[in-house]
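Read the structure below first, then the notes.
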Amino acid sequence: MFTVRIQQDDFDPGAELERLHRGDLGAGGIATFIGLVRDLNLGDRVQGLTLQHYPGMTEKAVNAIVDEARQRWPIQGALVVHRVGPLAPGDRIVMVAVSAVHRGESFAACEFIMDYLKTRAPFWKKEQTPDGPRWVEARDGDQAAAKRWVD
Amino acid sequence: MFTVRIQQDDFDPGAELERLHRGDLGAGGIATFIGLVRDLNLGDRVQGLTLQHYPGMTEKAVNAIVDEARQRWPIQGALVVHRVGPLAPGDRIVMVAVSAVHRGESFAACEFIMDYLKTRAPFWKKEQTPDGPRWVEARDGDQAAAKRWVD
Amino acid sequence: MARIRLLLFGRYQDDLDLAQAELELPDRVTDVARLREWLSARDAAWEGICGAANPRLMTAVNQQMADATTPIGDGDEVALFPPVTGG
Amino acid sequence: MARIRLLLFGRYQDDLDLAQAELELPDRVTDVARLREWLSARDAAWEGICGAANPRLMTAVNQQMADATTPIGDGDEVALFPPVTGG
């Protein structure tokens with residue numbers, strides 16, 4: 001099963017995993033990543049986060065990333081759920097899960113999707129800090145991580 | 001939180017994830033792998049699987065693997081739950097989850113723990129097939145995967 | 001005369017205090033590079049975002065990632081935004 | 001005279017139809033290599049598992065992974081098993 005969802009509401013990782021591989025007895029494993037709001041960034045306390053996105057483009061961009069993962073690896077299923085709107089420290093932001101026959105492929109495709117989400121999907125984070133709100137800057141490390149997959 | 005459990009019973013991945021990072025607002029993400037019983041192996045139908053282990057040594061070996069991951073990466077928490085006994089196709093076998101400040105470290109440590117579980121923890125799988133039971137042979141690919149981490 | 005819908009996201013939305021606008025383009029503005037040039041001439045804030053001194057500006061045309069040579073025509077939706085930071 | 005507890009797992013447990021045994025070791029059997037040699041002399045089935053022709057045999061002494069040079073003494077728990085296949 002291949003699923004992409006963009007939503008304000010929280011999600012239930014256990015239920016999402018269950019749905020991903022229900023009825024698929026050929027999958028040997030599922031690699032998953034769940035991104036969380038940290039209470040600290042660049043040394044400053046983070047009181048909350050607002051995730052802005054580009055409605056209309058977001059789903060297309062994320063689906064394109066999942067399609068590229070499917071072309072690269074023989075994966076059985078993939079799930080991407082990404083939240084938007086206001087979030088608090090400890091909240092889930094994103095979940096990516098990939099099922100495959102062998103674990104190496106599920107790990108690779110899961111990490112690929114995360115790296116591309118971080119650099120090619122239209123989301124922007126604005127943090128609330130004790131000094132006021134600030135837009136989160138893109139990390140060079142994320143660009144470098146995404147570049148690994150190009151060769 | 002660091003947890004290692006060996007058990008016959010199934011586990012609830014959502015509840016395990018929740019417990020892993022509850023109260024830890026510093027974690028930016030959790031990488032997870034869940035291994036499942038496939039209904040097909042080496043071209044033969046698999047009707048079930050029995051996981052044998054070495055009681056007493058198993059927990060020590062798995063804890064040593066987690067300790068080595070902690071020495072290699074600055075991880076915030078890790079969970080390993082591994083089942084033993086009779087399992088059916090689609091059943092969960094193992095869950096490894098690692099929380100860290102940055103996703104690269106959680107992915108690396110999670111994959112490391114899986115690779116070492118596959119090559120250094122005393123578990124043995126016996127499959128039930130239409131032609132009778134057979135012990136699963138170690139895969140060369142698993143040895144190669146574990147060797148990646150040695151340099 | 002080409003009319004486009006312009007969208008701004010992230011920091012640029014705040015910098016220009018503008019989320020979206022309908023624009024009529026001069027005939028010479030036919031691709032992303034020329035749109036940036038034209039918008040840069042408006043004032044210092046636009047220049048800061050669309051000018052050549054900001055290599056980090058990302059653009060999408062009709063909800064697809066675009067580059068300097070992507071054509072722009074009547075009815076298109078063009079978005080300007082800083083590097084993305086989701087995930 | 002050293003007494004050890006010997007454990008077998010996986011395929012070897014079936015091959016020898018033996019899960020565990022208490023053994024009294026001759027004085028010359030003081031490490032894993034010598035234990036393998038001594039057990040190989042029992043019969044063809046033991047030779048198949050403990051003999052030099054089986055480089056894949058894994059051993060643990062007192063529940064720690066061991067190699068050919070790991071010492072074995074009175075009261076030790078020694079396990080013989082094929083490559084592991086969990087996970």
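In the structure tokens, each chain is lettered A, B, ... as it comes, each chain's residues begin at 1, and ligands are numbered from 1 in order of appearance.
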
Could you tell me which residues of chain B sit within 8 Å of chain A when counting only C-alpha atoms, and give me the result as a JSON list (two decimals) with N, CA and C atoms, in the first residue's frame?
[["chain", "number", "residue", "atom", "x", "y", "z"],
["B", 12, "ASP", "N", 3.29, -4.29, 20.96],
["B", 12, "ASP", "CA", 2.51, -3.23, 20.33],
["B", 12, "ASP", "C", 3.47, -2.11, 19.91],
["B", 13, "PRO", "N", 3.80, -2.03, 18.60],
["B", 13, "PRO", "CA", 4.82, -1.07, 18.16],
["B", 13, "PRO", "C", 4.50, 0.37, 18.57],
["B", 14, "GLY", "N", 3.22, 0.75, 18.49],
["B", 14, "GLY", "CA", 2.85, 2.12, 18.85],
["B", 14, "GLY", "C", 3.15, 2.41, 20.31],
["B", 15, "ALA", "N", 2.78, 1.48, 21.18],
["B", 15, "ALA", "CA", 3.02, 1.67, 22.62],
["B", 15, "ALA", "C", 4.51, 1.67, 22.91],
["B", 23, "GLY", "N", 8.54, 11.90, 27.58],
["B", 23, "GLY", "CA", 9.29, 12.73, 28.53],
["B", 23, "GLY", "C", 10.63, 13.18, 27.99],
["B", 24, "ASP", "N", 11.01, 12.70, 26.78],
["B", 24, "ASP", "CA", 12.28, 13.14, 26.20],
["B", 24, "ASP", "C", 12.00, 14.16, 25.10],
["B", 25, "LEU", "N", 12.06, 15.43, 25.47],
["B", 25, "LEU", "CA", 11.73, 16.48, 24.50],
["B", 25, "LEU", "C", 12.95, 16.89, 23.68],
["B", 26, "GLY", "N", 14.08, 16.22, 23.92],
["B", 26, "GLY", "CA", 15.29, 16.56, 23.18],
["B", 26, "GLY", "C", 15.47, 15.74, 21.91],
["B", 27, "ALA", "N", 14.69, 14.68, 21.76],
["B", 27, "ALA", "CA", 14.86, 13.81, 20.59],
["B", 27, "ALA", "C", 14.19, 14.44, 19.37],
["B", 28, "GLY", "N", 14.93, 14.46, 18.26],
["B", 28, "GLY", "CA", 14.38, 15.00, 17.02],
["B", 28, "GLY", "C", 13.76, 13.93, 16.15],
["B", 29, "GLY", "N", 14.02, 12.68, 16.49],
["B", 29, "GLY", "CA", 13.42, 11.64, 15.67],
["B", 29, "GLY", "C", 13.75, 10.25, 16.18],
["B", 30, "ILE", "N", 12.98, 9.30, 15.66],
["B", 30, "ILE", "CA", 13.12, 7.89, 16.03],
["B", 30, "ILE", "C", 13.15, 7.07, 14.75],
["B", 31, "ALA", "N", 14.22, 6.31, 14.56],
["B", 31, "ALA", "CA", 14.27, 5.36, 13.45],
["B", 31, "ALA", "C", 13.91, 3.98, 14.01],
["B", 32, "THR", "N", 13.12, 3.26, 13.27],
["B", 32, "THR", "CA", 12.58, 1.99, 13.74],
["B", 32, "THR", "C", 12.67, 0.94, 12.65],
["B", 33, "PHE", "N", 12.92, -0.29, 13.06],
["B", 33, "PHE", "CA", 12.76, -1.39, 12.11],
["B", 33, "PHE", "C", 11.94, -2.48, 12.78],
["B", 34, "ILE", "N", 10.99, -3.02, 12.02],
["B", 34, "ILE", "CA", 10.19, -4.14, 12.50],
["B", 34, "ILE", "C", 10.36, -5.28, 11.51],
["B", 35, "GLY", "N", 10.83, -6.41, 12.00],
["B", 35, "GLY", "CA", 11.01, -7.59, 11.15],
["B", 35, "GLY", "C", 9.78, -8.47, 11.22],
["B", 36, "LEU", "N", 9.39, -9.00, 10.06],
["B", 36, "LEU", "CA", 8.16, -9.77, 9.95],
["B", 36, "LEU", "C", 8.44, -11.16, 9.38],
["B", 37, "VAL", "N", 7.59, -12.13, 9.70],
["B", 37, "VAL", "CA", 7.69, -13.45, 9.10],
["B", 37, "VAL", "C", 7.12, -13.39, 7.69],
["B", 38, "ARG", "N", 7.93, -13.72, 6.69],
["B", 38, "ARG", "CA", 7.45, -13.76, 5.31],
["B", 38, "ARG", "C", 6.83, -15.11, 5.01],
["B", 39, "ASP", "N", 5.89, -15.12, 4.05],
["B", 39, "ASP", "CA", 5.23, -16.39, 3.70],
["B", 39, "ASP", "C", 5.99, -17.14, 2.60],
["B", 40, "LEU", "N", 7.17, -16.60, 2.23],
["B", 40, "LEU", "CA", 7.94, -17.20, 1.15],
["B", 40, "LEU", "C", 9.41, -17.02, 1.48],
["B", 89, "PRO", "N", 3.25, -16.55, 9.44],
["B", 89, "PRO", "CA", 3.50, -15.52, 8.43],
["B", 89, "PRO", "C", 2.74, -14.23, 8.76],
["B", 90, "GLY", "N", 3.42, -13.10, 8.60],
["B", 90, "GLY", "CA", 2.83, -11.80, 8.94],
["B", 90, "GLY", "C", 3.11, -11.37, 10.37],
["B", 101, "VAL", "N", 19.02, 13.08, 18.54],
["B", 101, "VAL", "CA", 18.75, 14.48, 18.23],
["B", 101, "VAL", "C", 18.56, 14.64, 16.73],
["B", 103, "ARG", "N", 18.38, 12.83, 12.70],
["B", 103, "ARG", "CA", 17.89, 11.58, 12.12],
["B", 103, "ARG", "C", 19.00, 10.68, 11.61],
["B", 107, "PHE", "N", 19.06, 6.65, 12.29],
["B", 107, "PHE", "CA", 19.05, 5.64, 11.22],
["B", 107, "PHE", "C", 20.29, 4.74, 11.32],
["B", 111, "GLU", "N", 20.16, 0.69, 12.09],
["B", 111, "GLU", "CA", 20.60, -0.29, 11.10],
["B", 111, "GLU", "C", 21.77, -1.11, 11.64]]

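With the cut-off set to 8 Å and only C-alpha atoms counted, chain C residues close to chain A are Phe9, Gly10, Arg11, Gln63, Gln64, Pro83, Val84, Thr85, Gly86 and Gly87 of chain C.
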
Keeping all heavy atoms for every residue in the selection just given, could you write it to a file as a compact mmCIF listing (two decimals), in the first residue's frame?
# COMPACT_ATOMS: atom_id res chain seq x y z
N PHE C 9 5.93 32.11 0.29
CA PHE C 9 5.89 31.25 1.47
C PHE C 9 7.09 31.51 2.39
O PHE C 9 8.09 32.09 1.97
CB PHE C 9 5.88 29.77 1.07
CG PHE C 9 4.62 29.36 0.38
CD1 PHE C 9 4.57 29.24 -1.00
CD2 PHE C 9 3.46 29.11 1.12
CE1 PHE C 9 3.40 28.87 -1.64
CE2 PHE C 9 2.28 28.74 0.48
CZ PHE C 9 2.25 28.63 -0.89
N GLY C 10 6.95 31.01 3.61
CA GLY C 10 8.04 31.06 4.58
C GLY C 10 8.43 32.50 4.88
O GLY C 10 7.60 33.41 4.89
N ARG C 11 9.70 32.70 5.10
CA ARG C 11 10.23 34.00 5.50
C ARG C 11 9.85 35.11 4.50
O ARG C 11 9.62 36.26 4.90
CB ARG C 11 11.75 33.88 5.60
CG ARG C 11 12.50 35.17 5.83
CD ARG C 11 14.00 34.98 5.62
NE ARG C 11 14.52 33.91 6.45
CZ ARG C 11 14.81 34.05 7.75
NH1 ARG C 11 14.64 35.22 8.34
NH2 ARG C 11 15.28 33.03 8.43
N GLN C 63 2.99 24.52 -9.45
CA GLN C 63 3.18 23.53 -8.38
C GLN C 63 4.22 22.47 -8.71
O GLN C 63 4.20 21.38 -8.12
CB GLN C 63 1.82 22.90 -8.00
CG GLN C 63 0.78 23.98 -7.69
CD GLN C 63 -0.53 23.44 -7.16
OE1 GLN C 63 -0.79 22.24 -7.21
NE2 GLN C 63 -1.36 24.33 -6.61
N GLN C 64 5.13 22.80 -9.61
CA GLN C 64 6.29 21.95 -9.88
C GLN C 64 7.54 22.78 -9.64
O GLN C 64 7.59 23.94 -10.07
CB GLN C 64 6.31 21.50 -11.35
CG GLN C 64 5.10 20.73 -11.81
CD GLN C 64 5.21 19.25 -11.53
OE1 GLN C 64 6.22 18.78 -10.99
NE2 GLN C 64 4.17 18.52 -11.88
N PRO C 83 14.60 27.99 0.92
CA PRO C 83 14.81 26.54 1.03
C PRO C 83 13.83 25.94 2.04
O PRO C 83 13.56 26.54 3.09
CB PRO C 83 16.26 26.44 1.53
CG PRO C 83 16.92 27.65 0.93
CD PRO C 83 15.87 28.74 1.00
N VAL C 84 13.33 24.77 1.71
CA VAL C 84 12.29 24.15 2.53
C VAL C 84 12.89 23.54 3.80
O VAL C 84 14.07 23.20 3.84
CB VAL C 84 11.53 23.09 1.70
CG1 VAL C 84 10.90 23.73 0.48
CG2 VAL C 84 12.46 21.94 1.30
N THR C 85 12.06 23.44 4.85
CA THR C 85 12.56 22.96 6.15
C THR C 85 11.56 22.04 6.84
O THR C 85 11.40 22.10 8.06
CB THR C 85 12.90 24.16 7.06
OG1 THR C 85 11.72 24.99 7.16
CG2 THR C 85 14.03 24.98 6.52
N GLY C 86 10.88 21.21 6.07
CA GLY C 86 9.94 20.28 6.70
C GLY C 86 10.63 19.03 7.20
O GLY C 86 11.83 19.00 7.40
N GLY C 87 9.85 18.00 7.40
CA GLY C 87 10.40 16.68 7.73
C GLY C 87 10.64 16.45 9.19
O GLY C 87 10.87 17.33 9.95

>> Please return, as a PyMOL selection string, all residues of region 8-130 of chain B that DSSP assigns to strand (DSSP E or B) on the basis of the backbone.
In response: chain B and resi 29-36+40-41+44-45+48-53+75-83+85-87+92-100+123-129

>> If I take CA of Trp46 (chain C) and CA of Gln13 (chain C), how far is one from the other in Å, to one decimal?
In response: 11.0 Å

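Using only C-alpha atoms, the nearest neighbour of Leu57 (chain C) within the list C:Leu7, C:Ile72, C:Val29, C:Leu80 is C:Leu80.
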
> What lies within 9 Å of Ile49 (chain C) using only C-alpha atoms, ignoring chain neighbours under 6 positions off, as number ranges by chain?
Replying inline: C: 12, 15, 36, 40, 56-57, 80-82

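Take CA of Ala44 (chain D) and CA of Pro26 (chain D): the distance between them is 20.4 Å.
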
From a DSSP calculation on the backbone, collect every residue of chain B in alpha helix (DSSP H) and output the set as a compact mmCIF listing (two decimals) with N, CA and C atoms, in the first residue's frame.
# COMPACT_ATOMS: atom_id res chain seq x y z
N PRO B 13 3.80 -2.03 18.60
CA PRO B 13 4.82 -1.07 18.16
C PRO B 13 4.50 0.37 18.57
N GLY B 14 3.22 0.75 18.49
CA GLY B 14 2.85 2.12 18.85
C GLY B 14 3.15 2.41 20.31
N ALA B 15 2.78 1.48 21.18
CA ALA B 15 3.02 1.67 22.62
C ALA B 15 4.51 1.67 22.91
N GLU B 16 5.27 0.83 22.21
CA GLU B 16 6.73 0.78 22.43
C GLU B 16 7.37 2.11 22.05
N LEU B 17 6.95 2.66 20.90
CA LEU B 17 7.49 3.94 20.45
C LEU B 17 7.16 5.04 21.45
N GLU B 18 5.92 5.02 21.91
CA GLU B 18 5.46 6.03 22.86
C GLU B 18 6.34 6.01 24.12
N ARG B 19 6.56 4.80 24.63
CA ARG B 19 7.36 4.65 25.85
C ARG B 19 8.80 5.11 25.62
N LEU B 20 9.31 4.85 24.41
CA LEU B 20 10.71 5.16 24.13
C LEU B 20 11.03 6.64 24.28
N HIS B 21 10.10 7.50 23.82
CA HIS B 21 10.46 8.93 23.85
C HIS B 21 9.59 9.76 24.78
N MET B 57 22.17 -16.18 27.56
CA MET B 57 23.11 -15.44 26.73
C MET B 57 22.42 -14.36 25.89
N THR B 58 21.19 -14.63 25.48
CA THR B 58 20.53 -13.74 24.53
C THR B 58 20.49 -12.29 25.02
N GLU B 59 19.97 -12.09 26.21
CA GLU B 59 19.87 -10.73 26.75
C GLU B 59 21.24 -10.07 26.81
N LYS B 60 22.25 -10.83 27.25
CA LYS B 60 23.61 -10.25 27.35
C LYS B 60 24.12 -9.83 25.98
N ALA B 61 23.91 -10.70 24.98
CA ALA B 61 24.42 -10.40 23.65
C ALA B 61 23.72 -9.17 23.07
N VAL B 62 22.42 -9.09 23.27
CA VAL B 62 21.68 -7.95 22.70
C VAL B 62 22.05 -6.67 23.44
N ASN B 63 22.18 -6.76 24.76
CA ASN B 63 22.61 -5.57 25.50
C ASN B 63 24.00 -5.10 25.07
N ALA B 64 24.88 -6.05 24.76
CA ALA B 64 26.23 -5.67 24.32
C ALA B 64 26.15 -4.93 22.97
N ILE B 65 25.24 -5.35 22.12
CA ILE B 65 25.07 -4.69 20.82
C ILE B 65 24.56 -3.27 21.02
N VAL B 66 23.58 -3.12 21.90
CA VAL B 66 23.04 -1.78 22.17
C VAL B 66 24.13 -0.89 22.79
N ASP B 67 24.92 -1.46 23.70
CA ASP B 67 26.01 -0.67 24.30
C ASP B 67 27.00 -0.20 23.25
N GLU B 68 27.29 -1.08 22.28
CA GLU B 68 28.23 -0.68 21.25
C GLU B 68 27.62 0.46 20.39
N ALA B 69 26.34 0.38 20.11
CA ALA B 69 25.68 1.47 19.37
C ALA B 69 25.77 2.78 20.14
N ARG B 70 25.62 2.70 21.47
CA ARG B 70 25.68 3.93 22.29
C ARG B 70 27.07 4.53 22.28
N GLN B 71 28.09 3.65 22.16
CA GLN B 71 29.46 4.17 22.11
C GLN B 71 29.74 4.84 20.77
N ARG B 72 29.09 4.35 19.72
CA ARG B 72 29.37 4.87 18.38
C ARG B 72 28.59 6.13 18.05
N ARG B 103 18.38 12.83 12.70
CA ARG B 103 17.89 11.58 12.12
C ARG B 103 19.00 10.68 11.61
N GLY B 104 20.11 11.27 11.11
CA GLY B 104 21.19 10.45 10.57
C GLY B 104 21.71 9.47 11.60
N GLU B 105 21.84 9.94 12.82
CA GLU B 105 22.36 9.09 13.89
C GLU B 105 21.35 8.01 14.29
N SER B 106 20.07 8.35 14.27
CA SER B 106 19.07 7.34 14.64
C SER B 106 19.00 6.25 13.57
N PHE B 107 19.06 6.65 12.29
CA PHE B 107 19.05 5.64 11.22
C PHE B 107 20.29 4.74 11.32
N ALA B 108 21.45 5.35 11.47
CA ALA B 108 22.69 4.55 11.49
C ALA B 108 22.69 3.57 12.65
N ALA B 109 22.33 4.04 13.84
CA ALA B 109 22.35 3.17 15.02
C ALA B 109 21.31 2.06 14.89
N CYS B 110 20.15 2.37 14.33
CA CYS B 110 19.10 1.36 14.17
C CYS B 110 19.56 0.28 13.19
N GLU B 111 20.16 0.69 12.09
CA GLU B 111 20.60 -0.29 11.10
C GLU B 111 21.77 -1.11 11.64
N PHE B 112 22.65 -0.46 12.38
CA PHE B 112 23.77 -1.15 13.04
C PHE B 112 23.24 -2.25 13.98
N ILE B 113 22.29 -1.89 14.82
CA ILE B 113 21.76 -2.87 15.78
C ILE B 113 21.12 -4.04 15.03
N MET B 114 20.37 -3.75 13.98
CA MET B 114 19.76 -4.84 13.19
C MET B 114 20.84 -5.74 12.58
N ASP B 115 21.86 -5.12 11.98
CA ASP B 115 22.91 -5.92 11.34
C ASP B 115 23.62 -6.82 12.35
N TYR B 116 23.84 -6.28 13.55
CA TYR B 116 24.53 -7.08 14.57
C TYR B 116 23.61 -8.13 15.19
N LEU B 117 22.33 -7.81 15.33
CA LEU B 117 21.37 -8.82 15.80
C LEU B 117 21.38 -10.03 14.87
N LYS B 118 21.50 -9.75 13.57
CA LYS B 118 21.45 -10.80 12.56
C LYS B 118 22.70 -11.68 12.56
N THR B 119 23.79 -11.19 13.15
CA THR B 119 25.05 -11.93 13.04
C THR B 119 25.69 -12.25 14.39
N ARG B 120 25.23 -11.61 15.48
CA ARG B 120 25.91 -11.80 16.76
C ARG B 120 25.01 -12.16 17.93
N ASP B 140 24.79 -14.68 3.39
CA ASP B 140 26.05 -13.98 3.19
C ASP B 140 25.83 -12.47 3.25
N GLY B 141 24.67 -12.03 2.75
CA GLY B 141 24.34 -10.60 2.75
C GLY B 141 24.32 -10.02 4.15
N ASP B 142 23.90 -10.83 5.13
CA ASP B 142 23.87 -10.33 6.51
C ASP B 142 25.28 -10.17 7.06
N GLN B 143 26.17 -11.10 6.69
CA GLN B 143 27.57 -10.98 7.11
C GLN B 143 28.18 -9.71 6.50
N ALA B 144 27.89 -9.49 5.21
CA ALA B 144 28.44 -8.32 4.52
C ALA B 144 27.90 -7.04 5.16
N ALA B 145 26.61 -7.04 5.50
CA ALA B 145 26.01 -5.85 6.11
C ALA B 145 26.69 -5.54 7.44
N ALA B 146 26.96 -6.57 8.23
CA ALA B 146 27.59 -6.35 9.54
C ALA B 146 29.03 -5.87 9.38
N LYS B 147 29.70 -6.34 8.33
CA LYS B 147 31.11 -5.96 8.11
C LYS B 147 31.27 -4.47 7.79

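Rounded to one decimal, CA of Gly43 (chain B) and CA of Met1 (chain A) lie 23.0 Å from each other.
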